[in-house]
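Listing of start32.csv, CSV, C-alpha atoms
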chain,number,residue,atom,x,y,z
A,15,MET,CA,-5.8,48.3,20.3
A,16,SER,CA,-8.8,46.9,18.3
A,17,ALA,CA,-9.6,43.2,18.1
A,18,ARG,CA,-8.4,43.2,14.4
A,19,ASP,CA,-5.2,44.9,15.3
A,20,TRP,CA,-4.6,42.4,18.1
A,21,VAL,CA,-5.1,39.5,15.7
A,22,ASP,CA,-2.7,41.1,13.2
A,23,ASN,CA,-0.1,41.4,15.9
A,24,ALA,CA,-0.7,37.8,17.1
A,25,VAL,CA,-0.1,36.4,13.6
A,26,ARG,CA,3.0,38.5,13.3
A,27,LEU,CA,4.4,37.2,16.6
A,28,ILE,CA,3.8,33.6,15.5
A,29,GLU,CA,5.3,34.2,12.0
A,30,ALA,CA,8.3,36.0,13.6
A,31,ASP,CA,8.8,33.0,15.9
A,32,ALA,CA,8.9,30.7,12.9
A,33,HIS,CA,11.4,32.9,11.1
A,34,ARG,CA,13.7,32.8,14.1
A,35,SER,CA,13.8,29.0,13.9
A,36,ALA,CA,16.0,27.1,11.6
A,37,ASP,CA,14.6,24.0,9.8
A,38,THR,CA,14.8,20.7,11.7
A,39,HIS,CA,17.7,18.4,10.8
A,40,LEU,CA,17.5,15.4,8.6
A,41,LEU,CA,19.8,12.8,10.1
A,42,ARG,CA,21.3,9.9,8.1
A,43,TYR,CA,20.8,6.8,10.3
A,44,PRO,CA,24.1,4.8,10.5
A,45,LEU,CA,23.2,1.4,9.1
A,46,PRO,CA,25.8,-1.3,9.6
A,47,SER,CA,29.0,-0.7,7.7
A,48,ALA,CA,29.1,-4.4,6.8
A,49,TRP,CA,26.0,-3.9,4.6
A,50,ALA,CA,27.8,-1.5,2.2
A,51,ASP,CA,29.1,-4.3,-0.1
A,52,ARG,CA,25.7,-6.0,-0.3
A,53,PHE,CA,22.9,-3.4,0.0
A,54,ASP,CA,22.4,0.0,-1.5
A,55,VAL,CA,19.8,1.4,1.0
A,56,SER,CA,19.7,4.3,3.4
A,57,LEU,CA,17.6,5.5,6.3
A,58,TYR,CA,16.9,9.1,7.4
A,59,LEU,CA,15.4,10.5,10.5
A,60,LYS,CA,13.7,13.9,10.4
A,61,ASP,CA,14.7,15.2,13.8
A,62,GLU,CA,11.7,17.2,15.1
A,63,THR,CA,13.2,17.5,18.6
A,64,THR,CA,15.1,20.6,17.5
A,65,HIS,CA,11.9,22.7,17.6
A,66,ILE,CA,11.9,25.1,20.6
A,67,THR,CA,9.2,23.0,22.4
A,68,GLY,CA,11.1,19.8,21.5
A,69,SER,CA,8.7,17.8,19.4
A,70,LEU,CA,6.9,17.3,16.1
A,71,LYS,CA,3.8,18.8,17.7
A,72,HIS,CA,5.4,22.3,17.5
A,73,ARG,CA,4.4,22.4,13.8
A,74,LEU,CA,0.8,21.3,14.6
A,75,ALA,CA,0.4,23.8,17.4
A,76,ARG,CA,1.6,26.7,15.2
A,77,SER,CA,-0.8,25.7,12.5
A,78,LEU,CA,-3.8,25.3,14.8
A,79,PHE,CA,-3.2,28.8,16.3
A,80,LEU,CA,-2.9,30.4,12.9
A,81,TYR,CA,-6.0,28.6,11.7
A,82,ALA,CA,-8.0,29.7,14.7
A,83,LEU,CA,-6.7,33.3,14.6
A,84,CYS,CA,-7.4,33.7,10.9
A,85,ASN,CA,-10.9,32.2,11.3
A,86,GLY,CA,-11.8,34.7,14.0
A,87,TRP,CA,-12.0,32.1,16.8
A,88,ILE,CA,-9.3,33.5,19.0
A,89,GLY,CA,-9.0,37.2,20.0
A,90,PRO,CA,-7.6,39.2,22.9
A,91,GLY,CA,-8.2,37.4,26.2
A,92,THR,CA,-9.6,34.2,24.7
A,93,THR,CA,-9.1,31.1,26.9
A,94,VAL,CA,-7.5,28.5,24.7
A,95,ILE,CA,-8.4,24.8,25.4
A,96,GLU,CA,-7.1,21.5,24.1
A,97,ALA,CA,-7.7,17.8,24.8
A,98,SER,CA,-4.1,16.6,25.3
A,99,SER,CA,-1.8,15.3,27.9
A,100,GLY,CA,1.3,15.3,25.8
A,101,SER,CA,3.5,17.1,23.4
A,102,THR,CA,0.7,18.9,21.6
A,103,ALA,CA,-0.3,20.6,24.9
A,104,VAL,CA,3.3,21.5,25.7
A,105,SER,CA,3.6,23.3,22.3
A,106,GLU,CA,0.2,24.9,22.4
A,107,ALA,CA,0.9,26.3,25.9
A,108,TYR,CA,4.0,27.9,24.5
A,109,PHE,CA,2.1,29.7,21.7
A,110,ALA,CA,-0.7,30.7,24.1
A,111,ALA,CA,1.9,32.3,26.5
A,112,MET,CA,3.5,34.1,23.5
A,113,LEU,CA,0.1,35.7,22.8
A,114,GLY,CA,-0.7,36.4,26.5
A,115,LEU,CA,-3.6,34.0,26.5
A,116,PRO,CA,-4.7,31.5,29.2
A,117,PHE,CA,-4.3,27.9,28.2
A,118,ILE,CA,-6.0,24.8,29.7
A,119,ALA,CA,-5.0,21.2,28.7
A,120,VAL,CA,-7.7,18.6,29.5
A,121,MET,CA,-6.2,15.2,30.3
A,122,PRO,CA,-6.8,12.0,32.2
A,123,SER,CA,-6.0,12.1,35.9
A,124,SER,CA,-3.5,9.2,35.2
A,125,THR,CA,-1.2,11.6,33.3
A,126,SER,CA,2.4,11.4,34.6
A,127,ALA,CA,3.6,14.2,36.8
A,128,ALA,CA,6.5,14.8,34.3
A,129,LYS,CA,4.0,15.6,31.5
A,130,VAL,CA,2.0,17.9,33.7
A,131,ALA,CA,5.2,19.7,34.7
A,132,LEU,CA,6.2,20.2,31.1
A,133,ILE,CA,2.8,21.8,30.2
A,134,GLU,CA,2.9,24.0,33.3
A,135,SER,CA,6.5,25.1,32.6
A,136,GLN,CA,5.2,26.6,29.4
A,137,GLY,CA,2.5,28.5,31.3
A,138,GLY,CA,-0.4,26.1,30.8
A,139,ARG,CA,-2.9,24.8,33.3
A,140,CYS,CA,-4.0,21.2,33.5
A,141,HIS,CA,-7.6,20.1,34.0
A,142,PHE,CA,-8.2,16.4,34.8
A,143,VAL,CA,-10.9,13.9,34.0
A,144,GLU,CA,-11.2,10.3,35.3
A,145,ARG,CA,-11.4,8.5,31.9
A,146,SER,CA,-9.6,9.3,28.7
A,147,ALA,CA,-12.8,9.2,26.7
A,148,GLN,CA,-14.1,12.2,28.6
A,149,VAL,CA,-11.5,14.6,27.4
A,150,TYR,CA,-13.3,15.7,24.2
A,151,GLU,CA,-16.6,16.5,25.9
A,152,GLU,CA,-14.9,18.2,28.9
A,153,ALA,CA,-12.8,20.4,26.6
A,154,GLU,CA,-16.0,21.5,24.7
A,155,ARG,CA,-17.7,22.2,28.1
A,156,LEU,CA,-14.8,24.4,29.3
A,157,ALA,CA,-14.8,26.3,26.0
A,158,ARG,CA,-18.5,27.1,26.4
A,159,GLU,CA,-18.3,28.0,30.1
A,160,THR,CA,-15.2,30.3,29.6
A,161,GLY,CA,-16.3,31.7,26.3
A,162,GLY,CA,-13.0,30.3,25.0
A,163,HIS,CA,-11.9,28.3,22.0
A,164,TYR,CA,-11.3,24.5,21.9
A,165,LEU,CA,-8.5,24.0,19.4
A,166,ASP,CA,-9.5,20.4,18.8
A,167,GLN,CA,-6.4,18.9,17.3
A,168,PHE,CA,-8.1,15.7,16.4
A,169,THR,CA,-10.5,17.4,14.1
A,170,ASN,CA,-8.5,20.3,12.8
A,171,ALA,CA,-5.0,18.8,12.3
A,172,GLU,CA,-5.5,17.9,8.7
A,173,ARG,CA,-7.2,21.1,7.7
A,174,ALA,CA,-5.0,23.6,9.6
A,175,THR,CA,-1.8,22.5,7.9
A,176,ASP,CA,-0.9,23.8,4.4
A,177,TRP,CA,-0.2,20.5,2.7
A,178,ARG,CA,0.7,22.0,-0.6
A,179,GLY,CA,3.9,23.4,0.7
A,180,ASN,CA,4.9,26.6,2.7
A,181,ASN,CA,7.7,24.7,4.4
A,182,ASN,CA,5.5,21.9,5.8
A,183,ILE,CA,7.3,18.8,6.9
A,184,ALA,CA,6.9,17.0,3.6
A,185,GLU,CA,8.3,19.9,1.5
A,186,SER,CA,11.2,20.2,4.0
A,187,ILE,CA,12.0,16.4,3.7
A,188,PHE,CA,12.2,16.6,-0.1
A,189,GLU,CA,14.4,19.7,-0.1
A,190,GLN,CA,16.8,18.2,2.3
A,191,MET,CA,16.9,14.9,0.4
A,192,ALA,CA,17.7,16.6,-2.9
A,193,ARG,CA,21.5,15.9,-2.9
A,194,GLU,CA,21.3,12.4,-1.5
A,195,THR,CA,22.1,9.2,-3.4
A,196,HIS,CA,18.5,8.3,-3.5
A,197,PRO,CA,16.8,11.7,-3.3
A,198,VAL,CA,13.2,10.5,-3.8
A,199,PRO,CA,12.5,8.1,-0.9
A,200,ASP,CA,10.8,4.8,-1.6
A,201,TRP,CA,8.9,5.2,1.6
A,202,ILE,CA,8.1,7.8,4.2
A,203,VAL,CA,7.0,6.2,7.5
A,204,VAL,CA,5.0,8.0,10.2
A,205,GLY,CA,2.7,7.1,13.1
A,206,ALA,CA,-0.8,8.5,13.6
A,207,GLY,CA,-2.0,10.4,16.7
A,208,THR,CA,-4.3,12.9,15.2
A,209,GLY,CA,-3.7,11.7,11.6
A,210,GLY,CA,-2.6,15.2,10.6
A,211,THR,CA,1.0,14.4,9.7
A,212,SER,CA,0.1,11.5,7.6
A,213,ALA,CA,-2.6,13.5,5.9
A,214,THR,CA,-0.1,16.4,5.1
A,215,ILE,CA,2.6,14.0,3.8
A,216,GLY,CA,0.2,11.8,1.8
A,217,ARG,CA,-1.5,14.8,0.1
A,218,TYR,CA,1.8,16.4,-0.7
A,219,LEU,CA,3.2,13.3,-2.3
A,220,ARG,CA,0.2,13.2,-4.6
A,221,TYR,CA,0.2,17.0,-5.3
A,222,ARG,CA,3.9,16.9,-6.3
A,223,ARG,CA,3.5,13.5,-8.1
A,224,HIS,CA,6.3,11.8,-6.2
A,225,ARG,CA,6.6,8.1,-6.5
A,226,THR,CA,7.2,7.9,-2.8
A,227,ALA,CA,4.7,5.7,-0.9
A,228,LEU,CA,3.4,6.5,2.6
A,229,CYS,CA,3.4,3.9,5.3
A,230,VAL,CA,1.5,4.6,8.6
A,231,VAL,CA,2.6,2.5,11.6
A,232,ASP,CA,0.1,1.9,14.4
A,233,PRO,CA,0.6,0.5,17.9
A,234,GLU,CA,-1.5,-2.1,19.7
A,235,ASN,CA,-5.0,-1.2,20.8
A,236,SER,CA,-5.3,1.6,18.2
A,237,ALA,CA,-8.3,2.0,15.9
A,238,PHE,CA,-6.5,3.4,12.9
A,239,PHE,CA,-5.1,0.1,11.5
A,240,PRO,CA,-8.4,-2.0,11.8
A,241,ALA,CA,-10.3,1.0,10.3
A,242,TYR,CA,-7.9,1.1,7.3
A,243,GLU,CA,-7.9,-2.7,6.9
A,244,GLN,CA,-11.7,-2.9,7.1
A,245,GLY,CA,-12.5,0.3,5.2
A,246,ARG,CA,-14.5,1.7,8.1
A,247,LEU,CA,-14.2,4.9,10.1
A,248,ASP,CA,-16.5,3.9,13.0
A,249,VAL,CA,-14.0,1.5,14.6
A,250,GLU,CA,-13.5,1.9,18.4
A,251,THR,CA,-11.2,-0.2,20.5
A,252,GLY,CA,-12.2,1.1,23.9
A,253,VAL,CA,-8.6,0.8,25.0
A,254,SER,CA,-5.9,3.5,25.1
A,255,SER,CA,-2.5,3.1,23.3
A,256,ARG,CA,0.5,2.3,25.5
A,257,ILE,CA,2.8,4.2,23.1
A,258,GLU,CA,2.5,7.9,23.9
A,259,GLY,CA,1.8,10.3,21.1
A,260,ILE,CA,0.3,7.8,18.6
A,261,GLY,CA,-2.6,5.4,18.4
A,262,ARG,CA,-6.2,6.3,19.4
A,263,PRO,CA,-9.2,4.3,20.7
A,264,ARG,CA,-11.3,5.8,18.0
A,265,VAL,CA,-10.7,6.9,14.4
A,266,GLU,CA,-10.1,10.7,14.6
A,267,PRO,CA,-11.6,13.0,12.0
A,268,SER,CA,-8.1,14.1,10.8
A,269,PHE,CA,-7.1,10.6,9.8
A,270,MET,CA,-7.3,10.4,6.0
A,271,PRO,CA,-7.0,6.7,5.0
A,272,GLY,CA,-7.3,7.5,1.3
A,273,VAL,CA,-3.8,9.1,1.2
A,274,VAL,CA,-2.1,6.1,3.0
A,275,ASP,CA,-0.5,3.5,0.8
A,276,ARG,CA,0.2,0.9,3.5
A,277,MET,CA,-0.4,0.4,7.2
A,278,MET,CA,1.3,-2.0,9.6
A,279,THR,CA,0.8,-2.7,13.3
A,280,VAL,CA,3.9,-2.6,15.6
A,281,PRO,CA,3.9,-4.5,18.8
A,282,ASP,CA,4.3,-2.3,21.8
A,283,CYS,CA,7.4,-4.2,23.0
A,284,GLY,CA,8.8,-3.6,19.5
A,285,SER,CA,8.3,0.1,19.9
A,286,VAL,CA,10.1,0.1,23.2
A,287,ALA,CA,12.9,-2.1,22.0
A,288,ALA,CA,13.5,0.1,18.9
A,289,ALA,CA,13.5,3.3,21.0
A,290,HIS,CA,16.2,1.8,23.2
A,291,HIS,CA,18.1,0.5,20.1
A,292,VAL,CA,18.0,3.8,18.3
A,293,SER,CA,19.0,5.7,21.5
A,294,ALA,CA,22.1,3.5,21.8
A,295,VAL,CA,23.0,4.0,18.1
A,296,LEU,CA,22.5,7.8,18.2
A,297,GLY,CA,23.9,8.3,21.7
A,298,ARG,CA,20.8,10.1,22.9
A,299,ARG,CA,17.4,9.1,24.0
A,300,VAL,CA,14.4,9.0,21.5
A,301,GLY,CA,10.8,8.6,22.4
A,302,PRO,CA,8.6,5.5,22.0
A,303,SER,CA,6.8,6.8,18.9
A,304,THR,CA,10.1,7.1,17.2
A,305,GLY,CA,10.7,3.5,18.1
A,306,THR,CA,7.4,2.6,16.4
A,307,ASN,CA,8.5,4.6,13.3
A,308,VAL,CA,11.9,2.9,13.1
A,309,TRP,CA,10.5,-0.6,13.6
A,310,GLY,CA,8.3,0.0,10.5
A,311,ALA,CA,11.2,1.5,8.6
A,312,PHE,CA,13.4,-1.5,9.4
A,313,ALA,CA,10.7,-3.8,8.1
A,314,LEU,CA,10.5,-1.9,4.8
A,315,LEU,CA,14.3,-1.8,4.4
A,316,ALA,CA,14.4,-5.5,4.9
A,317,GLU,CA,11.8,-6.0,2.1
A,318,MET,CA,13.8,-3.8,-0.2
A,319,MET,CA,17.0,-5.7,0.5
A,320,ALA,CA,15.4,-9.1,0.1
A,321,ALA,CA,14.1,-8.0,-3.3
A,322,GLY,CA,17.5,-6.6,-4.3
A,323,ARG,CA,16.2,-3.0,-4.6
A,324,SER,CA,18.2,0.1,-3.9
A,325,GLY,CA,16.6,3.2,-2.4
A,326,SER,CA,15.9,5.2,0.7
A,327,VAL,CA,13.4,5.4,3.6
A,328,VAL,CA,12.6,8.5,5.7
A,329,THR,CA,10.9,8.5,9.1
A,330,LEU,CA,10.5,10.9,12.0
A,331,LEU,CA,12.3,11.4,15.3
A,332,ALA,CA,9.2,12.8,16.9
A,333,ASP,CA,10.5,13.8,20.4
A,334,SER,CA,13.2,13.3,22.9
A,335,GLY,CA,13.4,10.2,25.1
A,336,ASP,CA,14.4,12.4,28.0
A,337,ARG,CA,10.7,13.1,28.5
A,338,TYR,CA,10.2,9.4,29.2
A,339,ARG,CA,13.1,8.7,31.6
A,340,ASP,CA,10.7,7.7,34.3
A,341,THR,CA,8.6,5.5,32.0
A,342,TYR,CA,9.9,3.8,28.8
A,343,PHE,CA,13.5,4.1,30.0
A,344,ASP,CA,12.7,2.8,33.5
A,345,ALA,CA,13.0,-1.0,34.0
A,346,GLU,CA,10.5,-1.1,36.9
A,347,TRP,CA,7.9,0.9,35.1
A,348,LEU,CA,8.2,-1.3,32.0
A,349,SER,CA,7.8,-4.4,34.1
A,350,SER,CA,4.7,-3.0,35.7
A,351,GLN,CA,3.2,-2.4,32.3
A,352,GLY,CA,4.0,-5.9,31.1
A,353,LEU,CA,6.4,-4.6,28.5
A,354,ASP,CA,9.2,-7.1,28.2
A,355,SER,CA,11.2,-6.0,25.1
A,356,SER,CA,13.9,-8.7,25.2
A,357,THR,CA,12.5,-10.8,22.3
A,358,SER,CA,12.0,-7.6,20.1
A,359,ALA,CA,15.5,-6.5,21.0
A,360,ALA,CA,16.9,-9.8,19.7
A,361,LYS,CA,15.0,-9.3,16.5
A,362,LEU,CA,16.6,-5.9,16.0
A,363,ALA,CA,20.0,-7.3,16.7
A,364,GLU,CA,19.4,-10.0,14.1
A,365,PHE,CA,18.2,-7.4,11.5
A,366,GLU,CA,21.4,-5.3,11.9
A,367,SER,CA,23.5,-8.5,11.7
A,368,SER,CA,21.9,-10.1,8.6
A,369,GLY,CA,19.5,-7.5,7.1
A,370,ARG,CA,16.6,-10.0,7.4
A,371,TRP,CA,13.4,-9.3,9.2
A,372,ASN,CA,12.1,-12.5,10.7
Render the structure in this file as structure tokens.
Amino acid sequence: MSARDWVDNAVRLIEADAHRSADTHLLRYPLPSAWADRFDVSLYLKDETTHITGSLKHRLARSLFLYALCNGWIGPGTTVIEASSGSTAVSEAYFAAMLGLPFIAVMPSSTSAAKVALIESQGGRCHFVERSAQVYEEAERLARETGGHYLDQFTNAERATDWRGNNNIAESIFEQMARETHPVPDWIVVGAGTGGTSATIGRYLRYRRHRTALCVVDPENSAFFPAYEQGRLDVETGVSSRIEGIGRPRVEPSFMPGVVDRMMTVPDCGSVAAAHHVSAVLGRRVGPSTGTNVWGAFALLAEMMAAGRSGSVVTLLADSGDRYRDTYFDAEWLSSQGLDSSTSAAKLAEFESSGRWN
């Protein structure tokens, strides 16, 4: 088989995998029934856990592989490398195994054993560095030494995804909202890890001329919010986010502040409290980045209700909380990280009781 024939078949395999998968669900979040007589608002969660690798990053991994294949960067036998210790690496390992390619995830040595096991379960190999800031350079070095390809999610996320449509996450949301009471959301709320999802949604909203505004929520210690607020892209915090999957110590190349209508910071304890709160409401665990998303969505809903406005808000259920049973759902671990979410939990309870966000 020629190299071109191999690439043709690789693209076919990835496209066939996509066609075997149904779209992810859009869940209507059960707001308090007592609100029905006072408020005409609704909240929806785009449930990305239904992807075969269990997270929002399945979409990104598929796009990154197709982008690299069609650019001639991946061929038969290419070692594929990524700087990731989380869901992106899990999904990329899945696609590498599908194509019969070796995959290496570069990550800090502090990465949890559970995350390492997930990546290895998909056929990936984990390569460790001492400090999180070293992952980029080490991934590039490994690519040079192996003659492989560094997928570089932080640079390529925004350009690898077809933001005009082709069943991207934004197009899917609007198709699924079409028959709802408020089919055009007032807000879509997302976090930023690479910045790729917010770039895709923000561009799509402008391309389709929707009145929907995009709000990006950011955890503590992340560079995205101060960069947006100050109009700078050179912000560095030097500290890693405590909310897995979102927040970065530097502004990543895929973050597109020009398509973001609003940003807000979410306290880490708020993210944890909201993850626990939503898990209790839905009857299944959701991850901490989903908690960040919902915290932001609740704040926007409260603003709408205070102003007497009707409408809808959509956010993402990014991954399952089962991946975090030994961390964000473990009381001892939370205590060791100084994450006491009791005050934030009380704020959530007051919101669902009164509709106010104090």
Determine, counting all atoms listed in the file, which protein, DNA and RNA residues have an atom within 10 Å of an atom of Gln351 of chain A; residues of the same chain fewer than 3 positions away are not included. Present the result as a VMD selection string. chain A and resid 256 341 to 342 346 to 348 354
Using Å and a single decimal, report how far atom CA of Ile183 of chain A sits from atom CA of His290 of chain A. 25.2 Å
Close residues, segment 218-222 of chain A itself excluded, 8 Å, all atoms listed in the file, min 3 positions apart in chain, as a PDB file with C-alpha atoms, keeping the file's coordinate frame:
ATOM      1  CA  TRP A 177      -0.200  20.500   2.700  1.00  0.00           C
ATOM      2  CA  ARG A 178       0.700  22.000  -0.600  1.00  0.00           C
ATOM      3  CA  GLY A 179       3.900  23.400   0.700  1.00  0.00           C
ATOM      4  CA  ALA A 184       6.900  17.000   3.600  1.00  0.00           C
ATOM      5  CA  GLU A 185       8.300  19.900   1.500  1.00  0.00           C
ATOM      6  CA  THR A 214      -0.100  16.400   5.100  1.00  0.00           C
ATOM      7  CA  ILE A 215       2.600  14.000   3.800  1.00  0.00           C
ATOM      8  CA  ARG A 225       6.600   8.100  -6.500  1.00  0.00           C
ATOM      9  CA  THR A 226       7.200   7.900  -2.800  1.00  0.00           C
ATOM     10  CA  ALA A 227       4.700   5.700  -0.900  1.00  0.00           C
TER      11      ALA A 227
END
Ranking A:Met270, A:Ala17, A:Val292, A:Ala321 by minimum distance to Thr92 of chain A and counting only C-alpha atoms, which one comes first?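 Comparing A:Met270, A:Ala17, A:Val292, A:Ala321 against Thr92 of chain A, the winner is A:Ala17.
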How many Å lie between atom CA of Gly138 of chain A and atom CA of Asn180 of chain A, rounded to one decimal?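 Between atom CA of Gly138 of chain A and atom CA of Asn180 of chain A the gap works out to 28.6 Å.
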So what do you get for atom CA of Val328 of chain A versus atom CA of Val198 of chain A, distance-wise?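 Between these atoms lies a distance of 9.7 Å.
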